[in-house]
Each structure stands twice: as C-alpha cells, then as structure tokens.
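Text of the file entry.cif, holding mmCIF, C-alpha atoms:
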data_structure
#
loop_
_atom_site.label_atom_id
_atom_site.label_comp_id
_atom_site.auth_asym_id
_atom_site.auth_seq_id
_atom_site.Cartn_x
_atom_site.Cartn_y
_atom_site.Cartn_z
CA MET A 688 99.82 -21.23 13.09
CA PRO A 689 97.04 -20.11 10.87
CA ILE A 690 97.41 -16.38 10.35
CA ILE A 691 94.15 -14.91 9.11
CA HIS A 692 93.79 -11.48 7.54
CA VAL A 693 90.32 -10.03 7.09
CA GLU A 694 89.48 -6.99 4.98
CA MET A 695 86.06 -5.46 5.38
CA HIS A 696 84.33 -2.11 5.37
CA PRO A 697 84.31 -0.07 8.57
CA GLY A 698 81.08 0.10 10.52
CA ARG A 699 81.15 -3.04 12.64
CA THR A 700 81.02 -2.54 16.37
CA GLN A 701 83.79 -3.73 18.63
CA GLU A 702 81.31 -6.34 19.86
CA GLN A 703 80.86 -7.69 16.33
CA LYS A 704 84.62 -7.94 15.83
CA ARG A 705 84.91 -9.69 19.18
CA ALA A 706 82.28 -12.23 18.14
CA PHE A 707 83.88 -12.68 14.74
CA VAL A 708 87.35 -13.50 16.04
CA ARG A 709 85.88 -15.89 18.60
CA GLU A 710 83.80 -17.78 16.04
CA ALA A 711 86.38 -17.73 13.26
CA THR A 712 89.00 -19.08 15.65
CA LYS A 713 86.60 -21.83 16.69
CA ALA A 714 86.05 -22.67 13.01
CA ALA A 715 89.83 -22.92 12.47
CA VAL A 716 90.42 -25.02 15.57
CA GLU A 717 87.64 -27.47 14.78
CA THR A 718 88.26 -27.94 11.09
CA LEU A 719 92.04 -27.52 10.78
CA ALA A 720 92.99 -29.28 14.00
CA CYS A 721 95.16 -26.55 15.44
CA PRO A 722 95.39 -25.25 19.01
CA PRO A 723 93.49 -21.99 19.72
CA GLU A 724 96.68 -20.20 20.79
CA SER A 725 98.09 -20.75 17.32
CA VAL A 726 95.36 -18.75 15.56
CA GLU A 727 96.02 -15.07 14.90
CA ILE A 728 93.50 -12.81 13.19
CA ILE A 729 94.19 -9.32 11.88
CA ILE A 730 91.29 -7.14 10.79
CA ALA A 731 91.78 -4.28 8.35
CA GLU A 732 88.96 -1.85 7.76
CA ILE A 733 88.94 -0.50 4.21
CA ALA A 734 86.84 2.58 3.48
CA LYS A 735 84.45 2.48 0.51
CA GLU A 736 86.54 5.30 -0.99
CA SER A 737 89.40 2.83 -1.29
CA TRP A 738 87.60 -0.32 -2.47
CA ALA A 739 86.40 -0.77 -6.02
CA LYS A 740 84.34 -3.38 -7.79
CA ALA A 741 83.70 -3.48 -11.53
CA GLY A 742 85.84 -0.40 -12.02
CA LYS A 743 83.90 1.80 -9.60
CA LEU A 744 84.77 2.88 -6.10
CA LYS A 745 82.14 1.57 -3.70
CA SER A 746 81.63 5.12 -2.43
CA ASP A 747 80.45 6.04 -5.94
CA ALA A 748 78.29 2.98 -6.55
CA MET B 929 113.87 -6.86 -4.87
CA PRO B 930 112.84 -8.16 -1.53
CA ILE B 931 109.62 -6.45 -0.54
CA ILE B 932 109.09 -6.74 3.19
CA HIS B 933 105.80 -6.08 4.97
CA VAL B 934 105.79 -5.74 8.74
CA GLU B 935 102.70 -5.77 10.91
CA MET B 936 103.07 -4.68 14.52
CA HIS B 937 101.20 -2.83 17.23
CA PRO B 938 101.40 0.97 17.29
CA GLY B 939 103.54 2.52 19.95
CA ARG B 940 107.03 2.49 18.44
CA THR B 941 108.71 5.84 18.02
CA GLN B 942 109.78 7.10 14.65
CA GLU B 943 113.35 6.53 15.85
CA GLN B 944 112.61 2.85 16.48
CA LYS B 945 111.11 2.42 13.03
CA ARG B 946 114.14 4.18 11.55
CA ALA B 947 116.47 1.78 13.33
CA PHE B 948 114.36 -1.22 12.36
CA VAL B 949 114.35 -0.50 8.63
CA ARG B 950 118.09 0.20 8.72
CA GLU B 951 118.92 -3.06 10.51
CA ALA B 952 116.42 -5.22 8.65
CA THR B 953 117.71 -3.94 5.34
CA LYS B 954 121.25 -4.73 6.44
CA ALA B 955 120.11 -8.25 7.36
CA ALA B 956 118.57 -8.70 3.90
CA VAL B 957 121.60 -7.32 2.06
CA GLU B 958 124.04 -9.48 3.98
CA THR B 959 122.18 -12.75 3.95
CA LEU B 960 120.28 -12.62 0.67
CA ALA B 961 122.98 -10.95 -1.41
CA CYS B 962 120.87 -8.16 -2.80
CA PRO B 963 121.74 -4.47 -3.25
CA PRO B 964 120.39 -2.11 -0.56
CA GLU B 965 118.40 -0.08 -3.10
CA SER B 966 116.40 -3.19 -3.93
CA VAL B 967 115.01 -3.61 -0.42
CA GLU B 968 111.64 -2.00 0.32
CA ILE B 969 109.96 -2.22 3.71
CA ILE B 970 106.37 -1.26 4.48
CA ILE B 971 105.25 -1.03 8.09
CA ALA B 972 101.59 -1.38 9.06
CA GLU B 973 100.51 -0.57 12.58
CA ILE B 974 97.62 -2.70 13.72
CA ALA B 975 95.69 -1.65 16.81
CA LYS B 976 95.08 -4.20 19.55
CA GLU B 977 91.36 -3.75 18.84
CA SER B 978 91.97 -5.32 15.42
CA TRP B 979 94.40 -8.12 16.27
CA ALA B 980 93.27 -11.34 17.91
CA LYS B 981 95.06 -14.36 19.30
CA ALA B 982 93.37 -17.51 20.55
CA GLY B 983 89.97 -16.08 19.68
CA LYS B 984 90.36 -12.91 21.75
CA LEU B 985 91.11 -9.39 20.64
CA LYS B 986 94.39 -8.26 22.18
CA SER B 987 92.61 -5.21 23.57
CA ASP B 988 90.48 -7.62 25.63
CA ALA B 989 93.28 -9.91 26.72
CA MET C 1367 103.97 -9.76 17.57
CA PRO C 1368 105.63 -8.46 14.51
CA ILE C 1369 104.53 -10.56 11.56
CA ILE C 1370 106.92 -10.12 8.68
CA HIS C 1371 106.21 -11.14 5.10
CA VAL C 1372 109.06 -11.21 2.61
CA GLU C 1373 108.67 -11.50 -1.14
CA MET C 1374 111.76 -12.28 -3.18
CA HIS C 1375 112.84 -14.20 -6.25
CA PRO C 1376 113.61 -17.89 -5.90
CA GLY C 1377 117.21 -18.93 -5.94
CA ARG C 1378 118.35 -18.47 -2.36
CA THR C 1379 119.64 -21.54 -0.61
CA GLN C 1380 118.00 -22.86 2.52
CA GLU C 1381 121.13 -21.69 4.34
CA GLN C 1382 120.57 -18.13 3.13
CA LYS C 1383 116.97 -18.16 4.28
CA ARG C 1384 118.09 -19.54 7.63
CA ALA C 1385 120.57 -16.69 8.01
CA PHE C 1386 118.02 -14.12 6.90
CA VAL C 1387 115.35 -15.10 9.42
CA ARG C 1388 117.94 -15.23 12.19
CA GLU C 1389 119.32 -11.77 11.40
CA ALA C 1390 115.98 -10.12 10.61
CA THR C 1391 114.55 -11.43 13.87
CA LYS C 1392 117.54 -10.03 15.72
CA ALA C 1393 116.95 -6.66 14.02
CA ALA C 1394 113.30 -6.69 15.13
CA VAL C 1395 114.11 -7.73 18.70
CA GLU C 1396 116.82 -5.10 19.12
CA THR C 1397 115.07 -2.16 17.52
CA LEU C 1398 111.41 -2.79 18.30
CA ALA C 1399 111.86 -4.16 21.79
CA CYS C 1400 109.89 -7.36 21.34
CA PRO C 1401 110.67 -10.87 22.53
CA PRO C 1402 112.17 -13.23 19.90
CA GLU C 1403 109.27 -15.69 20.26
CA SER C 1404 106.89 -12.99 19.09
CA VAL C 1405 108.54 -12.57 15.69
CA GLU C 1406 107.14 -14.59 12.80
CA ILE C 1407 108.56 -14.41 9.28
CA ILE C 1408 106.94 -15.82 6.17
CA ILE C 1409 108.94 -15.99 2.95
CA ALA C 1410 107.24 -16.13 -0.44
CA GLU C 1411 109.27 -16.85 -3.52
CA ILE C 1412 107.91 -15.10 -6.59
CA ALA C 1413 109.14 -16.22 -10.00
CA LYS C 1414 110.40 -13.61 -12.45
CA GLU C 1415 107.53 -14.66 -14.73
CA SER C 1416 105.13 -13.25 -12.11
CA TRP C 1417 106.89 -10.06 -11.06
CA ALA C 1418 106.91 -6.93 -13.20
CA LYS C 1419 108.66 -3.59 -12.99
CA ALA C 1420 108.02 -0.65 -15.30
CA GLY C 1421 105.39 -2.64 -17.16
CA LYS C 1422 107.65 -5.56 -18.02
CA LEU C 1423 107.83 -9.01 -16.51
CA LYS C 1424 111.28 -9.52 -15.01
CA SER C 1425 111.62 -12.70 -17.06
CA ASP C 1426 111.42 -10.51 -20.18
CA ALA C 1427 113.72 -7.76 -18.99
CA MET D 1186 88.04 -12.92 -9.69
CA PRO D 1187 91.18 -10.94 -9.83
CA ILE D 1188 91.65 -9.27 -6.47
CA ILE D 1189 94.07 -6.39 -6.78
CA HIS D 1190 95.80 -4.67 -3.87
CA VAL D 1191 97.57 -1.39 -4.46
CA GLU D 1192 99.94 0.26 -2.02
CA MET D 1193 100.92 3.86 -2.68
CA HIS D 1194 101.71 7.07 -0.86
CA PRO D 1195 98.82 9.30 0.19
CA GLY D 1196 98.28 12.46 -1.78
CA ARG D 1197 96.17 11.34 -4.73
CA THR D 1198 92.78 12.96 -5.10
CA GLN D 1199 89.61 10.96 -5.03
CA GLU D 1200 89.31 11.74 -8.75
CA GLN D 1201 92.70 10.13 -9.40
CA LYS D 1202 91.72 6.99 -7.50
CA ARG D 1203 88.46 6.88 -9.42
CA ALA D 1204 90.34 7.07 -12.72
CA PHE D 1205 92.86 4.48 -11.58
CA VAL D 1206 90.31 1.82 -10.63
CA ARG D 1207 88.41 2.44 -13.88
CA GLU D 1208 91.51 2.07 -16.06
CA ALA D 1209 93.10 -0.76 -14.10
CA THR D 1210 89.84 -2.72 -14.24
CA LYS D 1211 89.69 -2.14 -17.98
CA ALA D 1212 93.26 -3.42 -18.26
CA ALA D 1213 92.32 -6.58 -16.34
CA VAL D 1214 89.15 -7.20 -18.32
CA GLU D 1215 90.85 -6.77 -21.68
CA THR D 1216 94.02 -8.72 -21.03
CA LEU D 1217 92.87 -11.41 -18.60
CA ALA D 1218 89.47 -12.07 -20.15
CA CYS D 1219 87.42 -11.69 -17.01
CA PRO D 1220 84.08 -9.92 -16.49
CA PRO D 1221 84.28 -6.41 -14.99
CA GLU D 1222 82.13 -7.43 -12.00
CA SER D 1223 84.79 -9.94 -11.03
CA VAL D 1224 87.51 -7.34 -10.53
CA GLU D 1225 88.00 -5.95 -7.03
CA ILE D 1226 90.62 -3.35 -6.20
CA ILE D 1227 91.69 -2.31 -2.71
CA ILE D 1228 93.88 0.75 -2.27
CA ALA D 1229 96.06 1.21 0.81
CA GLU D 1230 97.76 4.52 1.41
CA ILE D 1231 101.09 4.13 3.16
CA ALA D 1232 102.69 7.21 4.69
CA LYS D 1233 106.33 7.99 3.90
CA GLU D 1234 107.02 7.53 7.61
CA SER D 1235 106.13 3.85 7.18
CA TRP D 1236 107.77 3.02 3.86
CA ALA D 1237 111.50 2.48 3.52
CA LYS D 1238 113.82 1.97 0.59
CA ALA D 1239 117.52 1.13 0.87
CA GLY D 1240 117.26 1.11 4.65
CA LYS D 1241 115.86 4.63 4.95
CA LEU D 1242 112.32 5.77 5.65
CA LYS D 1243 111.07 7.80 2.69
CA SER D 1244 110.22 10.62 5.08
CA ASP D 1245 113.95 10.85 5.86
CA ALA D 1246 115.21 10.56 2.30
CA MET E 1064 106.08 3.50 -5.80
CA PRO E 1065 102.79 1.79 -6.29
CA ILE E 1066 103.20 -1.86 -5.42
CA ILE E 1067 100.39 -3.89 -6.94
CA HIS E 1068 99.50 -7.43 -5.95
CA VAL E 1069 97.14 -9.42 -8.14
CA GLU E 1070 95.48 -12.69 -7.15
CA MET E 1071 93.79 -14.69 -9.87
CA HIS E 1072 93.17 -18.26 -10.93
CA PRO E 1073 95.86 -20.05 -12.92
CA GLY E 1074 95.22 -20.56 -16.61
CA ARG E 1075 96.39 -17.32 -18.19
CA THR E 1076 99.16 -17.57 -20.73
CA GLN E 1077 102.46 -15.80 -20.25
CA GLU E 1078 101.37 -13.52 -23.12
CA GLN E 1079 98.24 -12.51 -21.16
CA LYS E 1080 100.28 -11.73 -18.06
CA ARG E 1081 102.70 -9.73 -20.19
CA ALA E 1082 99.81 -7.69 -21.62
CA PHE E 1083 98.25 -7.23 -18.20
CA VAL E 1084 101.34 -5.83 -16.53
CA ARG E 1085 101.94 -3.51 -19.49
CA GLU E 1086 98.39 -2.14 -19.48
CA ALA E 1087 98.00 -1.99 -15.69
CA THR E 1088 101.29 -0.11 -15.41
CA LYS E 1089 100.10 2.32 -18.08
CA ALA E 1090 96.88 2.82 -16.11
CA ALA E 1091 98.88 3.59 -12.96
CA VAL E 1092 101.27 5.95 -14.71
CA GLU E 1093 98.51 7.90 -16.41
CA THR E 1094 96.09 8.21 -13.54
CA LEU E 1095 98.38 8.34 -10.50
CA ALA E 1096 101.12 10.44 -12.05
CA CYS E 1097 104.03 8.17 -11.18
CA PRO E 1098 107.02 7.18 -13.30
CA PRO E 1099 106.79 3.73 -14.95
CA GLU E 1100 109.95 2.51 -13.18
CA SER E 1101 108.19 3.01 -9.87
CA VAL E 1102 105.41 0.52 -10.60
CA GLU E 1103 105.90 -3.05 -9.42
CA ILE E 1104 103.32 -5.77 -9.99
CA ILE E 1105 103.33 -9.20 -8.38
CA ILE E 1106 100.96 -11.87 -9.67
CA ALA E 1107 99.88 -14.79 -7.49
CA GLU E 1108 98.00 -17.65 -9.02
CA ILE E 1109 95.54 -19.23 -6.61
CA ALA E 1110 94.08 -22.62 -7.47
CA LYS E 1111 90.31 -23.11 -7.30
CA GLU E 1112 90.97 -25.68 -4.55
CA SER E 1113 92.22 -22.81 -2.38
CA TRP E 1114 89.72 -20.06 -3.17
CA ALA E 1115 86.22 -20.04 -1.72
CA LYS E 1116 83.18 -17.88 -2.27
CA ALA E 1117 79.98 -18.13 -0.28
CA GLY E 1118 81.44 -20.90 1.87
CA LYS E 1119 82.32 -23.19 -1.04
CA LEU E 1120 85.65 -23.88 -2.64
CA LYS E 1121 85.53 -22.82 -6.28
CA SER E 1122 86.68 -26.31 -7.26
CA ASP E 1123 83.43 -27.62 -5.74
CA ALA E 1124 81.12 -24.99 -7.20
CA MET F 532 82.72 -8.05 1.12
CA PRO F 533 84.96 -9.56 3.68
CA ILE F 534 88.01 -10.90 1.91
CA ILE F 535 89.79 -13.40 4.11
CA HIS F 536 93.33 -14.64 3.58
CA VAL F 537 94.54 -17.65 5.53
CA GLU F 538 98.15 -18.75 5.79
CA MET F 539 98.86 -22.19 7.21
CA HIS F 540 101.20 -25.10 6.81
CA PRO F 541 100.45 -27.68 4.11
CA GLY F 542 99.09 -31.01 5.22
CA ARG F 543 95.36 -30.41 5.51
CA THR F 544 93.13 -32.54 3.35
CA GLN F 545 90.81 -31.04 0.79
CA GLU F 546 87.98 -32.11 3.10
CA GLN F 547 89.44 -30.06 5.96
CA LYS F 548 89.75 -26.99 3.75
CA ARG F 549 86.19 -27.50 2.58
CA ALA F 550 84.97 -27.62 6.19
CA PHE F 551 87.06 -24.61 7.14
CA VAL F 552 85.73 -22.33 4.42
CA ARG F 553 82.17 -23.43 5.20
CA GLU F 554 82.50 -22.75 8.94
CA ALA F 555 84.55 -19.57 8.63
CA THR F 556 82.05 -18.15 6.15
CA LYS F 557 79.25 -19.00 8.58
CA ALA F 558 81.15 -17.20 11.33
CA ALA F 559 81.50 -14.10 9.13
CA VAL F 560 77.87 -14.11 8.05
CA GLU F 561 76.55 -14.51 11.58
CA THR F 562 78.81 -12.05 13.37
CA LEU F 563 79.46 -9.40 10.72
CA ALA F 564 75.99 -9.37 9.18
CA CYS F 565 77.07 -9.86 5.58
CA PRO F 566 75.54 -12.06 2.88
CA PRO F 567 77.32 -15.39 2.27
CA GLU F 568 78.00 -14.52 -1.39
CA SER F 569 80.07 -11.57 -0.23
CA VAL F 570 82.59 -13.70 1.66
CA GLU F 571 85.73 -14.75 -0.21
CA ILE F 572 88.45 -16.87 1.36
CA ILE F 573 91.89 -17.51 -0.08
CA ILE F 574 94.11 -20.17 1.47
CA ALA F 575 97.88 -20.07 1.09
CA GLU F 576 99.94 -23.04 2.19
CA ILE F 577 103.34 -22.04 3.49
CA ALA F 578 105.99 -24.73 3.85
CA LYS F 579 107.87 -25.00 7.14
CA GLU F 580 111.02 -24.18 5.15
CA SER F 581 109.57 -20.71 4.53
CA TRP F 582 108.03 -19.90 7.92
CA ALA F 583 110.11 -18.83 10.88
CA LYS F 584 109.39 -18.17 14.52
CA ALA F 585 111.86 -16.77 17.02
CA GLY F 586 114.51 -16.53 14.33
CA LYS F 587 114.35 -20.20 13.33
CA LEU F 588 112.74 -21.80 10.30
CA LYS F 589 110.03 -24.19 11.46
CA SER F 590 111.67 -26.92 9.42
CA ASP F 591 114.71 -26.56 11.69
CA ALA F 592 112.83 -26.33 14.98
#
Can I see the file as structure tokens?
Amino acid sequence: MPIIHVEMHPGRTQEQKRAFVREATKAAVETLACPPESVEIIIAEIAKESWAKAGKLKSDA
Amino acid sequence: MPIIHVEMHPGRTQEQKRAFVREATKAAVETLACPPESVEIIIAEIAKESWAKAGKLKSDA
Amino acid sequence: MPIIHVEMHPGRTQEQKRAFVREATKAAVETLACPPESVEIIIAEIAKESWAKAGKLKSDA
Amino acid sequence: MPIIHVEMHPGRTQEQKRAFVREATKAAVETLACPPESVEIIIAEIAKESWAKAGKLKSDA
Amino acid sequence: MPIIHVEMHPGRTQEQKRAFVREATKAAVETLACPPESVEIIIAEIAKESWAKAGKLKSDA
Amino acid sequence: MPIIHVEMHPGRTQEQKRAFVREATKAAVETLACPPESVEIIIAEIAKESWAKAGKLKSDA
C-alpha cells in the first residue's frame, strides 16, 4: 500500500535506480510492516532547468 | 473543480486517452455533481524503467 | 497500474465517493485496457481555504 | 520549506521560467516569512495531448 | 492553466495564505503570460511529524 | 535533492515513521550517491475511506 514518489535529477544509472527501489522497499517493509508486493515506487527525473532553489534554476546556479 | 492526475505506463494510443478522459469526466460529473468544465485531467506516462513494485523495476520483472 | 489522484472540495458523501471510484475504475478498465485490480484511486479533499483561483482563495470568492 | 510544484503547458522560454521562479520565490518569502534558500520549485511541462478539460484533451479543443 | 501545488508547514494565518496566492498568481501571470483565471493554487499543510530532512523528522530535529 | 513523497494508510506509530525516514534516507544516500541533507521525505496518511482499489473503497473491502 505505500505508494512512493521520488523526484531527483537525471544522471543515475539504471543500476542505481534498481538498487534504490530494492533498498527503499526493504526500508518500507521492515519499518512500516507491509508486504513487499504492496510497495510501489515511481521515479521522476527532473532536469536542472526545471528545478529551482532560492529563486534560481539549478541549471543557472 | 476536481483535478485528476493519472499515472500509467506508456503505450496507450491517443484515441485511448481521448476515450479515457471523456469517460472519466462523465464519471466525475455524474457521481460528484460537478459541471464538466470544472474537471481537469492530467495524464503522466511513466516508463517501466521508472516504476517499481515489490522492490523490482517493472522493466526487470 | 493506473494510479489516479483526485483533488476536490470536501462535502461529498461517502456514497458519492463510492460511486465515483466504481465508475472511474470502470472508465479506466474499458478505455485503457487494464484489469480492475490494477486501478488505484486516492481522493484528497482540499478545503476552500486552501484552494485558490485567479489569485483568490475560494473561501473568499 | 515550501516545496512548490507547477504544471503548465510547454512553450515557455528558459528566460520565462527563470523569471517565474525568481518572482514566485519572492512571493513566498515575502508572504510566508520563510528564507529564500528554503523555497524549492519544480516545473513539469504537460503536453496538450495529456491534459484534458471538460472531458476533452486540450490538443483536440 | 498553471496548476500550482504548495507544501508547507502549518502555522501561517489565513491572511498570509491570502497574500501568498495573490502574489504567486501575479508572478505567474506576469512571467508566464497566462490569464489570472487560469491559475489555480492548492496549499497542503504538512505537519513536522510527517516531514523529514536528512533522515530525521522535523519534529525531532 | 531527492524529494520523496509517501502515501500510506494511517495507523503507524511515530516511532515507525521515524524508523522509516531514517532507513529510506539511508537507502537513498547509499544507492543514489546524494548527501543526507539533500533528502526530504513527506508522509501523507490516506484514510481507507479515500483510497480505492479495483473500484472499491478500502473501507468497504
């Protein structure tokens, strides 16, 4: 049942995403007491041209 | 007023999306008693490389 | 697989929500060709004090 | 601390996005009393083929 | 057309939210060249018990 | 930089949430190579009355 959305910059390899979803699911299962099949994770990659902090696009920082 | 976000895998035709937004809007109008113009639907297509279930990317499953 | 998020004002009865998720799921199944068990819908009720249009909170409009 | 997500159609220049995040951050800082560094803004561009109003994709309207 | 979602901690007055939506809408209208009526803003207040940074809930920090 | 949103049913203790954000942040840091301070997690608790699967509210299932 946990649905997890992750926003991060592009640049991770498919292997890193694979490791992330495996470990994050394990974290959910162990701490929230839910079955693995109930954990869904959706990753969105957000370019630095579309993400700002302190009023500045990260591509300009 | 209902704002509806849909996440699904890519692969649907434009005709399928067209039918979906028509029928889902009808469902909202009929059951929630809201005018059609108030219903907005945003569709996000999420690749299997970015969607995991049970700790596994769907592209690996 | 479709995950559907709906934002609307409070005030619908539980019966209306029940009808909405039934009909919206049917719309997804029929138009997107996905099994019913794969459709999840999450409803968020957003008070008029927290929703603005045209620069004005709906509670002030 | 405010995290701000913006959904809009594609078509704005990078200069327009730059101006938007600068001005929207200023609006948050001045009205919500938070430090500029705490404001993050993520922009998602949603094609008219994926955004519907009143049961119709905007690309069909 | 821009739909803007804001997540922040509770504690702002209704007057602060009112000022924020007014100023943020103005920022959108001026920089993105969209009519005011097209700007919707939804504010979600997230308790410190439900928001973590660096692995720690903000209520524990 | 990863921003992580988690949706789950209410019922977890504050201690479980604390453990979850600690372990999920560790998973992000180790697999995505990002500093701990860059990881933010927001938890939303969604009542069974507002979450449906297969066309049925979970509170009715």
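As for CA of Ala1413 in chain C and CA of Ala575 in chain F, they are spaced 16.3 Å apart.
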- Query: Leaving out Ala980 in chain B and any residue of its chain fewer than 4 positions from it, which residues lie within 12 Å of it when counting all atoms listed in the file, given as a ChimeraX atom specification?
  - Reply: /A:689-693,704-712,723-731 /B:937,974-976,984-989 /C:1367
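Proximity to chain B was assessed for A:Lys713, A:Glu736, A:Gly742, A:Cys721 counting all atoms listed in the file; the smallest distance is recorded for A:Lys713.
Here CA of Pro541 in chain F is placed at a distance of 5.0 Å from CA of Glu576 in chain F.
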